[in-house]
file query-v4.txt (compact mmCIF, N, CA and C atoms)
# COMPACT_ATOMS: atom_id res chain seq x y z
N MET A 33 104.72 90.92 95.31
CA MET A 33 103.56 91.51 94.71
C MET A 33 103.62 91.37 93.19
N GLN A 34 104.81 91.59 92.63
CA GLN A 34 104.93 91.47 91.17
C GLN A 34 104.59 90.06 90.70
N ALA A 35 105.10 89.07 91.42
CA ALA A 35 104.82 87.68 91.05
C ALA A 35 103.33 87.39 91.14
N ALA A 36 102.68 87.86 92.19
CA ALA A 36 101.24 87.63 92.36
C ALA A 36 100.45 88.30 91.24
N LEU A 37 100.81 89.52 90.89
CA LEU A 37 100.10 90.22 89.81
C LEU A 37 100.28 89.52 88.48
N GLU A 38 101.47 89.02 88.25
CA GLU A 38 101.74 88.27 87.02
C GLU A 38 100.97 86.95 87.03
N ASP A 39 101.02 86.23 88.16
CA ASP A 39 100.34 84.93 88.27
C ASP A 39 98.83 85.05 88.11
N MET A 40 98.24 86.14 88.62
CA MET A 40 96.78 86.28 88.50
C MET A 40 96.35 86.86 87.17
N GLY A 41 97.33 87.18 86.29
CA GLY A 41 97.01 87.66 84.95
C GLY A 41 96.78 89.15 84.85
N ASP A 42 97.01 89.90 85.93
CA ASP A 42 96.83 91.35 85.86
C ASP A 42 97.97 92.01 85.08
N LYS A 43 99.16 91.43 85.16
CA LYS A 43 100.34 91.97 84.48
C LYS A 43 100.89 90.92 83.52
N PRO A 44 101.53 91.38 82.44
CA PRO A 44 102.05 90.43 81.44
C PRO A 44 103.30 89.71 81.94
N PRO A 45 103.63 88.58 81.29
CA PRO A 45 104.88 87.90 81.63
C PRO A 45 106.05 88.88 81.50
N GLY A 46 106.99 88.78 82.44
CA GLY A 46 108.13 89.69 82.44
C GLY A 46 107.97 90.83 83.42
N PHE A 47 106.77 90.99 83.97
CA PHE A 47 106.56 92.05 84.96
C PHE A 47 107.33 91.75 86.24
N ARG A 48 107.40 90.49 86.59
CA ARG A 48 108.13 90.03 87.78
C ARG A 48 109.58 90.46 87.68
N GLY A 49 110.08 91.14 88.71
CA GLY A 49 111.46 91.60 88.73
C GLY A 49 111.69 92.93 88.03
N SER A 50 110.63 93.50 87.46
CA SER A 50 110.77 94.80 86.77
C SER A 50 110.73 95.93 87.79
N GLN A 51 110.90 97.13 87.32
CA GLN A 51 110.79 98.31 88.19
C GLN A 51 109.53 99.09 87.84
N ASP A 52 108.57 98.41 87.22
CA ASP A 52 107.32 99.05 86.84
C ASP A 52 106.50 99.40 88.08
N TRP A 53 105.71 100.44 87.94
CA TRP A 53 104.94 101.03 89.03
C TRP A 53 103.77 100.12 89.42
N ILE A 54 103.51 100.07 90.72
CA ILE A 54 102.35 99.37 91.26
C ILE A 54 101.52 100.41 92.01
N GLY A 55 100.26 100.54 91.64
CA GLY A 55 99.40 101.54 92.27
C GLY A 55 98.38 100.94 93.21
N CYS A 56 97.42 101.76 93.60
CA CYS A 56 96.38 101.34 94.55
C CYS A 56 95.51 100.22 94.00
N VAL A 57 95.22 100.25 92.71
CA VAL A 57 94.39 99.21 92.13
C VAL A 57 95.10 97.87 92.25
N GLU A 58 96.39 97.84 91.89
CA GLU A 58 97.16 96.61 91.99
C GLU A 58 97.33 96.18 93.44
N ALA A 59 97.53 97.14 94.33
CA ALA A 59 97.65 96.82 95.76
C ALA A 59 96.38 96.16 96.27
N SER A 60 95.20 96.65 95.84
CA SER A 60 93.94 96.05 96.30
C SER A 60 93.79 94.62 95.76
N LEU A 61 94.25 94.38 94.53
CA LEU A 61 94.22 93.02 93.99
C LEU A 61 95.10 92.08 94.82
N CYS A 62 96.27 92.57 95.19
CA CYS A 62 97.19 91.76 96.00
C CYS A 62 96.63 91.50 97.39
N LEU A 63 95.98 92.51 97.99
CA LEU A 63 95.38 92.29 99.30
C LEU A 63 94.36 91.16 99.24
N ALA A 64 93.52 91.17 98.22
CA ALA A 64 92.51 90.11 98.07
C ALA A 64 93.18 88.77 97.79
N HIS A 65 94.24 88.79 97.02
CA HIS A 65 94.94 87.56 96.65
C HIS A 65 95.61 86.90 97.87
N PHE A 66 96.23 87.73 98.72
CA PHE A 66 96.99 87.19 99.84
C PHE A 66 96.14 86.84 101.05
N GLY A 67 94.91 87.36 101.14
CA GLY A 67 94.09 86.89 102.24
C GLY A 67 93.38 87.91 103.06
N GLU A 68 93.61 87.94 104.32
CA GLU A 68 92.74 88.52 105.33
C GLU A 68 92.41 90.00 105.21
N THR A 69 93.20 90.77 104.51
CA THR A 69 92.91 92.19 104.37
C THR A 69 92.31 92.45 103.00
N GLN A 70 91.29 93.29 102.95
CA GLN A 70 90.64 93.66 101.70
C GLN A 70 90.87 95.15 101.45
N GLY A 71 90.83 95.53 100.19
CA GLY A 71 90.95 96.94 99.83
C GLY A 71 89.76 97.38 99.02
N ARG A 72 89.07 98.39 99.49
CA ARG A 72 87.92 98.95 98.77
C ARG A 72 88.39 100.20 98.06
N LEU A 73 88.22 100.26 96.75
CA LEU A 73 88.72 101.37 95.96
C LEU A 73 87.72 102.50 95.86
N CYS A 74 88.26 103.69 95.87
CA CYS A 74 87.45 104.90 95.68
C CYS A 74 88.26 105.81 94.76
N HIS A 75 87.72 106.13 93.59
CA HIS A 75 88.39 107.02 92.63
C HIS A 75 87.88 108.44 92.85
N VAL A 76 88.82 109.38 92.97
CA VAL A 76 88.48 110.80 93.11
C VAL A 76 89.07 111.50 91.88
N PRO A 77 88.22 111.99 90.95
CA PRO A 77 88.71 112.55 89.69
C PRO A 77 89.66 113.74 89.84
N ARG A 78 89.49 114.54 90.88
CA ARG A 78 90.36 115.69 91.12
C ARG A 78 90.58 115.83 92.63
N GLY A 79 91.81 116.18 93.00
CA GLY A 79 92.13 116.33 94.42
C GLY A 79 91.21 117.27 95.15
N ALA A 80 90.71 118.28 94.42
CA ALA A 80 89.77 119.22 95.04
C ALA A 80 88.52 118.49 95.51
N GLY A 81 88.21 117.34 94.92
CA GLY A 81 87.03 116.57 95.30
C GLY A 81 87.20 115.76 96.57
N LEU A 82 88.39 115.76 97.14
CA LEU A 82 88.60 114.99 98.37
C LEU A 82 87.78 115.51 99.54
N HIS A 83 87.40 116.78 99.50
CA HIS A 83 86.52 117.31 100.55
C HIS A 83 85.23 116.51 100.59
N GLY A 84 84.75 116.06 99.43
CA GLY A 84 83.53 115.29 99.37
C GLY A 84 83.68 113.87 99.89
N GLU A 85 84.90 113.42 100.13
CA GLU A 85 85.15 112.06 100.64
C GLU A 85 85.48 112.04 102.12
N LEU A 86 85.48 113.20 102.78
CA LEU A 86 85.88 113.26 104.18
C LEU A 86 84.98 112.44 105.10
N GLU A 87 83.68 112.50 104.87
CA GLU A 87 82.76 111.72 105.72
C GLU A 87 83.00 110.22 105.53
N ARG A 88 83.24 109.79 104.29
CA ARG A 88 83.53 108.38 104.03
C ARG A 88 84.81 107.97 104.76
N LEU A 89 85.85 108.82 104.69
CA LEU A 89 87.10 108.52 105.37
C LEU A 89 86.91 108.49 106.88
N TYR A 90 86.16 109.46 107.40
CA TYR A 90 85.90 109.50 108.84
C TYR A 90 85.18 108.22 109.28
N SER A 91 84.16 107.83 108.53
CA SER A 91 83.40 106.61 108.87
C SER A 91 84.29 105.37 108.77
N HIS A 92 85.17 105.35 107.78
CA HIS A 92 86.09 104.23 107.62
C HIS A 92 86.95 104.06 108.87
N PHE A 93 87.58 105.15 109.30
CA PHE A 93 88.47 105.06 110.47
C PHE A 93 87.67 104.84 111.76
N ALA A 94 86.52 105.52 111.90
CA ALA A 94 85.72 105.35 113.10
C ALA A 94 85.20 103.92 113.23
N GLY A 95 85.00 103.25 112.09
CA GLY A 95 84.52 101.87 112.10
C GLY A 95 85.62 100.84 112.22
N GLY A 96 86.84 101.29 112.48
CA GLY A 96 87.95 100.35 112.67
C GLY A 96 88.72 100.01 111.41
N GLY A 97 88.47 100.75 110.32
CA GLY A 97 89.20 100.50 109.08
C GLY A 97 90.67 100.81 109.23
N GLY A 98 91.47 100.15 108.40
CA GLY A 98 92.92 100.30 108.45
C GLY A 98 93.40 101.47 107.61
N PRO A 99 94.71 101.55 107.42
CA PRO A 99 95.29 102.64 106.62
C PRO A 99 94.69 102.72 105.23
N VAL A 100 94.65 103.92 104.69
CA VAL A 100 94.15 104.16 103.34
C VAL A 100 95.35 104.47 102.45
N MET A 101 95.60 103.60 101.47
CA MET A 101 96.68 103.86 100.51
C MET A 101 96.17 104.89 99.51
N VAL A 102 97.06 105.80 99.12
CA VAL A 102 96.70 106.88 98.21
C VAL A 102 97.69 106.94 97.07
N GLY A 103 97.18 106.98 95.85
CA GLY A 103 98.00 107.18 94.67
C GLY A 103 97.34 108.17 93.75
N GLY A 104 98.13 108.90 92.99
CA GLY A 104 97.58 109.88 92.06
C GLY A 104 98.39 109.93 90.79
N ASP A 105 97.98 110.81 89.88
CA ASP A 105 98.75 110.93 88.64
C ASP A 105 99.71 112.11 88.68
N ALA A 106 99.21 113.34 88.72
CA ALA A 106 100.10 114.50 88.78
C ALA A 106 100.84 114.56 90.11
N ASP A 107 100.22 114.08 91.15
CA ASP A 107 100.85 113.99 92.47
C ASP A 107 101.39 112.57 92.60
N ALA A 108 102.67 112.41 92.30
CA ALA A 108 103.28 111.07 92.30
C ALA A 108 103.84 110.69 93.67
N ARG A 109 103.62 111.52 94.68
CA ARG A 109 104.11 111.19 96.03
C ARG A 109 103.11 110.26 96.70
N SER A 110 103.45 108.97 96.77
CA SER A 110 102.55 108.04 97.42
C SER A 110 102.45 108.38 98.90
N LYS A 111 101.32 108.08 99.48
CA LYS A 111 101.09 108.38 100.89
C LYS A 111 100.06 107.41 101.44
N ALA A 112 100.02 107.33 102.74
CA ALA A 112 98.99 106.53 103.41
C ALA A 112 98.31 107.44 104.42
N LEU A 113 97.01 107.31 104.52
CA LEU A 113 96.24 108.09 105.49
C LEU A 113 95.95 107.21 106.69
N LEU A 114 96.16 107.78 107.87
CA LEU A 114 95.92 107.05 109.11
C LEU A 114 94.78 107.64 109.92
N GLY A 115 94.26 108.79 109.52
CA GLY A 115 93.17 109.42 110.25
C GLY A 115 92.70 110.67 109.55
N VAL A 116 91.57 111.19 109.98
CA VAL A 116 91.01 112.42 109.43
C VAL A 116 90.41 113.23 110.58
N CYS A 117 90.54 114.54 110.48
CA CYS A 117 89.97 115.45 111.47
C CYS A 117 89.19 116.52 110.72
N ILE A 118 87.90 116.56 110.95
CA ILE A 118 87.03 117.51 110.26
C ILE A 118 86.70 118.64 111.22
N GLY A 119 87.08 119.86 110.83
CA GLY A 119 86.84 121.03 111.66
C GLY A 119 85.60 121.77 111.20
N SER A 120 85.49 123.01 111.63
CA SER A 120 84.35 123.83 111.23
C SER A 120 84.54 124.34 109.81
N GLY A 121 83.45 124.53 109.10
CA GLY A 121 83.51 125.03 107.73
C GLY A 121 84.21 124.04 106.82
N THR A 122 85.20 124.53 106.08
CA THR A 122 85.93 123.67 105.15
C THR A 122 87.26 123.21 105.72
N GLU A 123 87.50 123.48 107.00
CA GLU A 123 88.75 123.07 107.63
C GLU A 123 88.78 121.56 107.83
N ALA A 124 89.83 120.92 107.31
CA ALA A 124 89.96 119.46 107.45
C ALA A 124 91.43 119.09 107.37
N TYR A 125 91.78 118.08 108.15
CA TYR A 125 93.16 117.60 108.20
C TYR A 125 93.17 116.09 108.02
N VAL A 126 94.26 115.58 107.45
CA VAL A 126 94.47 114.15 107.33
C VAL A 126 95.80 113.81 107.99
N LEU A 127 95.85 112.67 108.64
CA LEU A 127 97.08 112.18 109.25
C LEU A 127 97.78 111.35 108.17
N VAL A 128 98.91 111.88 107.68
CA VAL A 128 99.61 111.31 106.53
C VAL A 128 100.87 110.59 107.00
N LEU A 129 101.06 109.39 106.48
CA LEU A 129 102.25 108.60 106.71
C LEU A 129 102.99 108.47 105.38
N ASP A 130 104.28 108.78 105.36
CA ASP A 130 105.09 108.58 104.17
C ASP A 130 105.53 107.11 104.17
N PRO A 131 105.11 106.31 103.19
CA PRO A 131 105.42 104.88 103.20
C PRO A 131 106.85 104.55 102.80
N HIS A 132 107.67 105.54 102.53
CA HIS A 132 109.04 105.28 102.10
C HIS A 132 110.02 105.13 103.25
N TYR A 133 109.55 105.32 104.49
CA TYR A 133 110.45 105.19 105.63
C TYR A 133 110.98 103.76 105.72
N TRP A 134 112.26 103.64 106.02
CA TRP A 134 112.85 102.33 106.27
C TRP A 134 113.89 102.50 107.38
N GLY A 135 114.21 101.43 108.01
CA GLY A 135 115.20 101.46 109.08
C GLY A 135 114.59 101.05 110.40
N ALA A 136 115.40 101.21 111.43
CA ALA A 136 114.96 100.85 112.77
C ALA A 136 113.80 101.74 113.19
N PRO A 137 112.81 101.17 113.89
CA PRO A 137 111.70 101.99 114.38
C PRO A 137 112.19 103.10 115.29
N LYS A 138 111.55 104.24 115.16
CA LYS A 138 111.87 105.39 116.00
C LYS A 138 110.63 105.75 116.81
N SER A 139 110.81 106.64 117.73
CA SER A 139 109.66 107.08 118.53
C SER A 139 108.73 107.92 117.65
N PRO A 140 107.46 107.99 118.01
CA PRO A 140 106.52 108.81 117.24
C PRO A 140 106.98 110.27 117.12
N SER A 141 107.54 110.82 118.17
CA SER A 141 107.98 112.22 118.10
C SER A 141 109.13 112.39 117.11
N GLU A 142 110.06 111.41 117.04
CA GLU A 142 111.15 111.49 116.07
C GLU A 142 110.62 111.38 114.64
N LEU A 143 109.67 110.48 114.41
CA LEU A 143 109.09 110.32 113.08
C LEU A 143 108.34 111.58 112.66
N GLN A 144 107.63 112.18 113.60
CA GLN A 144 106.89 113.40 113.30
C GLN A 144 107.84 114.56 113.01
N ALA A 145 108.89 114.71 113.81
CA ALA A 145 109.86 115.80 113.61
C ALA A 145 110.57 115.66 112.26
N ALA A 146 110.80 114.44 111.81
CA ALA A 146 111.48 114.21 110.54
C ALA A 146 110.52 114.29 109.34
N GLY A 147 109.23 114.47 109.59
CA GLY A 147 108.25 114.59 108.51
C GLY A 147 107.73 113.29 107.94
N TRP A 148 108.02 112.17 108.59
CA TRP A 148 107.53 110.88 108.10
C TRP A 148 106.05 110.68 108.39
N VAL A 149 105.54 111.35 109.42
CA VAL A 149 104.13 111.26 109.76
C VAL A 149 103.70 112.60 110.34
N GLY A 150 102.47 113.01 110.04
CA GLY A 150 101.98 114.26 110.61
C GLY A 150 100.63 114.66 110.05
N TRP A 151 99.99 115.57 110.75
CA TRP A 151 98.70 116.11 110.31
C TRP A 151 98.97 117.15 109.24
N ARG A 152 98.22 117.05 108.12
CA ARG A 152 98.36 118.00 107.01
C ARG A 152 96.97 118.53 106.65
N GLU A 153 96.92 119.83 106.40
CA GLU A 153 95.67 120.42 105.95
C GLU A 153 95.37 119.80 104.59
N ILE A 154 94.13 119.41 104.36
CA ILE A 154 93.79 118.63 103.17
C ILE A 154 94.15 119.35 101.87
N ASN A 155 94.02 120.67 101.83
CA ASN A 155 94.35 121.42 100.61
C ASN A 155 95.85 121.45 100.35
N GLU A 156 96.65 121.24 101.38
CA GLU A 156 98.10 121.21 101.21
C GLU A 156 98.62 119.79 100.96
N ALA A 157 97.88 118.79 101.38
CA ALA A 157 98.32 117.40 101.24
C ALA A 157 98.04 116.84 99.85
N PHE A 158 97.11 117.45 99.11
CA PHE A 158 96.69 116.91 97.82
C PHE A 158 96.72 117.99 96.74
N ASP A 159 97.14 117.60 95.54
CA ASP A 159 97.14 118.48 94.38
C ASP A 159 95.69 118.59 93.88
N PRO A 160 95.14 119.79 93.78
CA PRO A 160 93.74 119.91 93.38
C PRO A 160 93.46 119.44 91.95
N ASN A 161 94.51 119.34 91.12
CA ASN A 161 94.32 118.95 89.72
C ASN A 161 94.64 117.48 89.43
N SER A 162 95.16 116.76 90.41
CA SER A 162 95.52 115.36 90.23
C SER A 162 94.33 114.48 90.56
N PHE A 163 94.19 113.37 89.82
CA PHE A 163 93.19 112.39 90.27
C PHE A 163 93.84 111.56 91.36
N TYR A 164 93.02 110.91 92.17
CA TYR A 164 93.51 110.04 93.23
C TYR A 164 92.71 108.75 93.27
N ASN A 165 93.41 107.68 93.57
CA ASN A 165 92.77 106.41 93.91
C ASN A 165 93.05 106.17 95.39
N LEU A 166 91.99 105.88 96.12
CA LEU A 166 92.11 105.56 97.54
C LEU A 166 91.80 104.08 97.70
N CYS A 167 92.61 103.40 98.47
CA CYS A 167 92.37 102.00 98.78
C CYS A 167 92.15 101.90 100.28
N LEU A 168 90.89 101.77 100.67
CA LEU A 168 90.51 101.70 102.08
C LEU A 168 90.62 100.25 102.54
N THR A 169 91.53 100.00 103.47
CA THR A 169 91.80 98.63 103.89
C THR A 169 90.96 98.24 105.11
N SER A 170 90.58 96.96 105.12
CA SER A 170 89.85 96.42 106.26
C SER A 170 90.03 94.91 106.27
N HIS A 171 89.73 94.28 107.40
CA HIS A 171 89.81 92.83 107.49
C HIS A 171 88.69 92.21 106.68
N SER A 172 88.93 91.02 106.15
CA SER A 172 87.94 90.33 105.32
C SER A 172 86.62 90.11 106.04
N SER A 173 86.65 90.00 107.36
CA SER A 173 85.43 89.75 108.11
C SER A 173 84.49 90.95 108.10
N GLU A 174 85.06 92.16 107.80
CA GLU A 174 84.20 93.34 107.71
C GLU A 174 83.49 93.30 106.37
N GLN A 175 82.21 93.64 106.34
CA GLN A 175 81.41 93.54 105.14
C GLN A 175 81.89 94.54 104.11
N GLN A 176 82.16 94.08 102.89
CA GLN A 176 82.55 94.91 101.77
C GLN A 176 81.40 94.93 100.77
N GLN A 177 80.60 95.97 100.78
CA GLN A 177 79.44 95.99 99.92
C GLN A 177 79.79 96.44 98.50
N HIS A 178 80.76 97.34 98.34
CA HIS A 178 81.10 97.89 97.04
C HIS A 178 82.61 97.80 96.83
N PRO A 179 83.10 96.82 96.05
CA PRO A 179 84.54 96.70 95.85
C PRO A 179 85.12 97.88 95.09
N LEU A 180 84.33 98.57 94.27
CA LEU A 180 84.82 99.73 93.53
C LEU A 180 83.76 100.80 93.57
N ASP A 181 84.08 101.94 94.16
CA ASP A 181 83.14 103.06 94.21
C ASP A 181 83.52 104.09 93.16
call {"tool": "encode", "arguments": {"input": "query-v4.txt", "output": "structure tokens"}}
result
Amino acid sequence: MQAALEDMGDKPPGFRGSQDWIGCVEASLCLAHFGETQGRLCHVPRGAGLHGELERLYSHFAGGGGPVMVGGDADARSKALLGVCIGSGTEAYVLVLDPHYWGAPKSPSELQAAGWVGWREINEAFDPNSFYNLCLTSHSSEQQQHPLD
């Protein structure tokens, strides 16, 4: 990814091999660069505003969209969303995957028990004061009307 970002001019020479941070914006550029998967960006100025994005997320997953990469500023814990559940009133949950897992694949129940994946209440999964960038992934064949929302 670092080489691709440097080659496409998004990052300066010397970025390759560095330990500099790569966020959702850079990830979406790499997805477009490498091919079949596209990333549609959605900026949420404050985590509290994620309630306003629930319908978009629900439609994304219901329409066959892939994982949603999530990055923020005050909330530096990267995460991926795999689903959304909208309840009555303001009750809402997101299925969160911690992308830092490595090693041999385990059963879903083992991953859930260890906290690598699980349903989280939206107010507990996101810092209300942090901004967030969401990268909604889909195959290139799916129509992408707005590359940046």
call {"tool": "closest_residue", "arguments": {"input": "query-v4.txt", "among": "A:Gly79, A:Gly119, A:Gly96, A:Pro137", "to": "Asp159 (chain A)", "atoms": "only N, CA and C atoms"}}
result
A:Gly79
call {"tool": "closest_atom_pairs", "arguments": {"input": "query-v4.txt", "of": "region 122-157 of chain A", "to": "region 100-112 of chain A", "cutoff": "6 Å", "atoms": "only N, CA and C atoms", "output": "tab-separated table"}}
result
residue	atom	partner	partner_atom	distance
A:Leu127	C	A:Ala112	C	5.4
A:Val128	CA	A:Ala112	C	4.6
A:Leu129	N	A:Ala112	C	4.0
A:Asp130	CA	A:Lys111	CA	5.2
A:Pro131	N	A:Lys111	CA	5.1
call {"tool": "atom_distance", "arguments": {"input": "query-v4.txt", "atom1": "CA of Ile118 (chain A)", "atom2": "CA of Pro99 (chain A)"}}
result
17.4 Å
call {"tool": "atom_distance", "arguments": {"input": "query-v4.txt", "atom1": "atom C of His75 (chain A)", "atom2": "atom C of Leu166 (chain A)"}}
result
7.6 Å
call {"tool": "residues_around", "arguments": {"input": "query-v4.txt", "residues": "Gln34 (chain A)", "least_positions_apart": "2", "cutoff": "8 Å", "atoms": "only N, CA and C atoms", "output": "list in words"}}
result
Ala36, Leu37, Glu38, Asp39, Met40, Lys43, Phe47, Arg48, Gly49 and Ser50 of chain A
call {"tool": "select_by_dssp", "arguments": {"input": "query-v4.txt", "residues": "chain A", "states": "helix (DSSP H, G or I)", "output": "JSON, numbers by chain"}}
result
{"A": [34, 35, 36, 37, 38, 39, 56, 57, 58, 59, 60, 61, 62, 63, 64, 65, 66, 79, 80, 81, 82, 83, 84, 85, 86, 87, 88, 89, 90, 91, 92, 93, 94, 140, 141, 142, 143, 144, 145, 154, 155, 156, 157]}
call {"tool": "atom_distance", "arguments": {"input": "query-v4.txt", "atom1": "atom C of Asn161 (chain A)", "atom2": "CA of Cys117 (chain A)"}}
result
22.6 Å
call {"tool": "closest_residue", "arguments": {"input": "query-v4.txt", "among": "A:Gly115, A:Ser141, A:Val126, A:Thr69", "to": "Ala94 (chain A)", "atoms": "all atoms listed in the file"}}
result
A:Gly115
call {"tool": "residues_around", "arguments": {"input": "query-v4.txt", "residues": "Ser60 (chain A)", "least_positions_apart": "2", "cutoff": "7 Å", "atoms": "only N, CA and C atoms", "output": "JSON, numbers by chain"}}
result
{"A": [55, 56, 57, 58, 62, 63, 64, 65, 70, 71, 72, 167]}
call {"tool": "closest_residue", "arguments": {"input": "query-v4.txt", "among": "A:Ala124, A:Ala35, A:Leu114, A:Leu89", "to": "Arg152 (chain A)", "atoms": "all atoms listed in the file"}}
result
A:Ala124
call {"tool": "axis_aligned_box", "arguments": {"input": "query-v4.txt", "around": "region 47-58 of chain A", "padding_each_side": "3 Å", "output": "AutoDock Vina command-line options"}}
result
--center_x 103.0 --center_y 95.9 --center_z 89.3 --size_x 23.3 --size_y 17.7 --size_z 16.6
call {"tool": "closest_residue", "arguments": {"input": "query-v4.txt", "among": "A:Ala59, A:Gly150, A:Val116, A:Pro140", "to": "Leu86 (chain A)", "atoms": "only N, CA and C atoms"}}
result
A:Val116
call {"tool": "closest_residue", "arguments": {"input": "query-v4.txt", "among": "A:Ile54, A:Leu73, A:Ala80, A:Leu143", "to": "Asn155 (chain A)", "atoms": "only N, CA and C atoms"}}
result
A:Ala80
call {"tool": "select_by_dssp", "arguments": {"input": "query-v4.txt", "residues": "chain A", "states": "strand (DSSP E)", "output": "count of residues only"}}
result
40
call {"tool": "closest_residue", "arguments": {"input": "query-v4.txt", "among": "A:Met33, A:Ile154, A:Leu113, A:Ala146", "to": "His83 (chain A)", "atoms": "only C-alpha atoms"}}
result
A:Ile154
call {"tool": "decode", "arguments": {"input": "query-v4.txt", "residues": "region 35-48 of chain A", "atoms": "N, CA, C and O atoms", "output": "short mmCIF file (atom, residue, chain, number, x, y, z; two decimals), in the first residue's frame"}}
result
data_model
loop_
_atom_site.label_atom_id
_atom_site.label_comp_id
_atom_site.auth_asym_id
_atom_site.auth_seq_id
_atom_site.Cartn_x
_atom_site.Cartn_y
_atom_site.Cartn_z
N ALA A 35 3.87 1.64 -1.22
CA ALA A 35 4.46 1.82 -2.55
C ALA A 35 3.42 2.38 -3.51
O ALA A 35 3.73 3.30 -4.29
N ALA A 36 2.21 1.87 -3.47
CA ALA A 36 1.15 2.35 -4.36
C ALA A 36 0.83 3.82 -4.09
O ALA A 36 0.69 4.61 -5.03
N LEU A 37 0.74 4.19 -2.83
CA LEU A 37 0.44 5.59 -2.48
C LEU A 37 1.56 6.52 -2.94
O LEU A 37 1.31 7.62 -3.41
N GLU A 38 2.78 6.06 -2.80
CA GLU A 38 3.92 6.85 -3.25
C GLU A 38 3.93 6.94 -4.78
O GLU A 38 4.10 8.02 -5.35
N ASP A 39 3.71 5.81 -5.45
CA ASP A 39 3.72 5.78 -6.92
C ASP A 39 2.62 6.64 -7.53
O ASP A 39 2.81 7.27 -8.57
N MET A 40 1.44 6.69 -6.88
CA MET A 40 0.35 7.50 -7.45
C MET A 40 0.44 8.97 -7.06
O MET A 40 -0.38 9.77 -7.46
N GLY A 41 1.48 9.32 -6.26
CA GLY A 41 1.71 10.72 -5.91
C GLY A 41 0.93 11.21 -4.71
O GLY A 41 0.97 12.40 -4.40
N ASP A 42 0.23 10.32 -4.00
CA ASP A 42 -0.50 10.74 -2.81
C ASP A 42 0.45 11.01 -1.64
O ASP A 42 0.18 11.86 -0.81
N LYS A 43 1.55 10.27 -1.59
CA LYS A 43 2.54 10.41 -0.52
C LYS A 43 3.89 10.78 -1.12
O LYS A 43 4.20 10.41 -2.25
N PRO A 44 4.70 11.50 -0.36
CA PRO A 44 6.01 11.94 -0.88
C PRO A 44 7.01 10.78 -0.95
O PRO A 44 6.83 9.75 -0.28
N PRO A 45 8.07 10.97 -1.74
CA PRO A 45 9.14 9.96 -1.77
C PRO A 45 9.65 9.72 -0.34
O PRO A 45 9.75 10.64 0.46
N GLY A 46 9.92 8.45 -0.04
CA GLY A 46 10.37 8.09 1.30
C GLY A 46 9.26 7.54 2.18
O GLY A 46 9.52 7.02 3.26
N PHE A 47 8.02 7.66 1.70
CA PHE A 47 6.90 7.11 2.48
C PHE A 47 6.96 5.58 2.51
O PHE A 47 6.66 4.96 3.52
N ARG A 48 7.39 5.01 1.41
CA ARG A 48 7.54 3.55 1.28
C ARG A 48 8.48 3.04 2.36
O ARG A 48 9.58 3.54 2.53
#
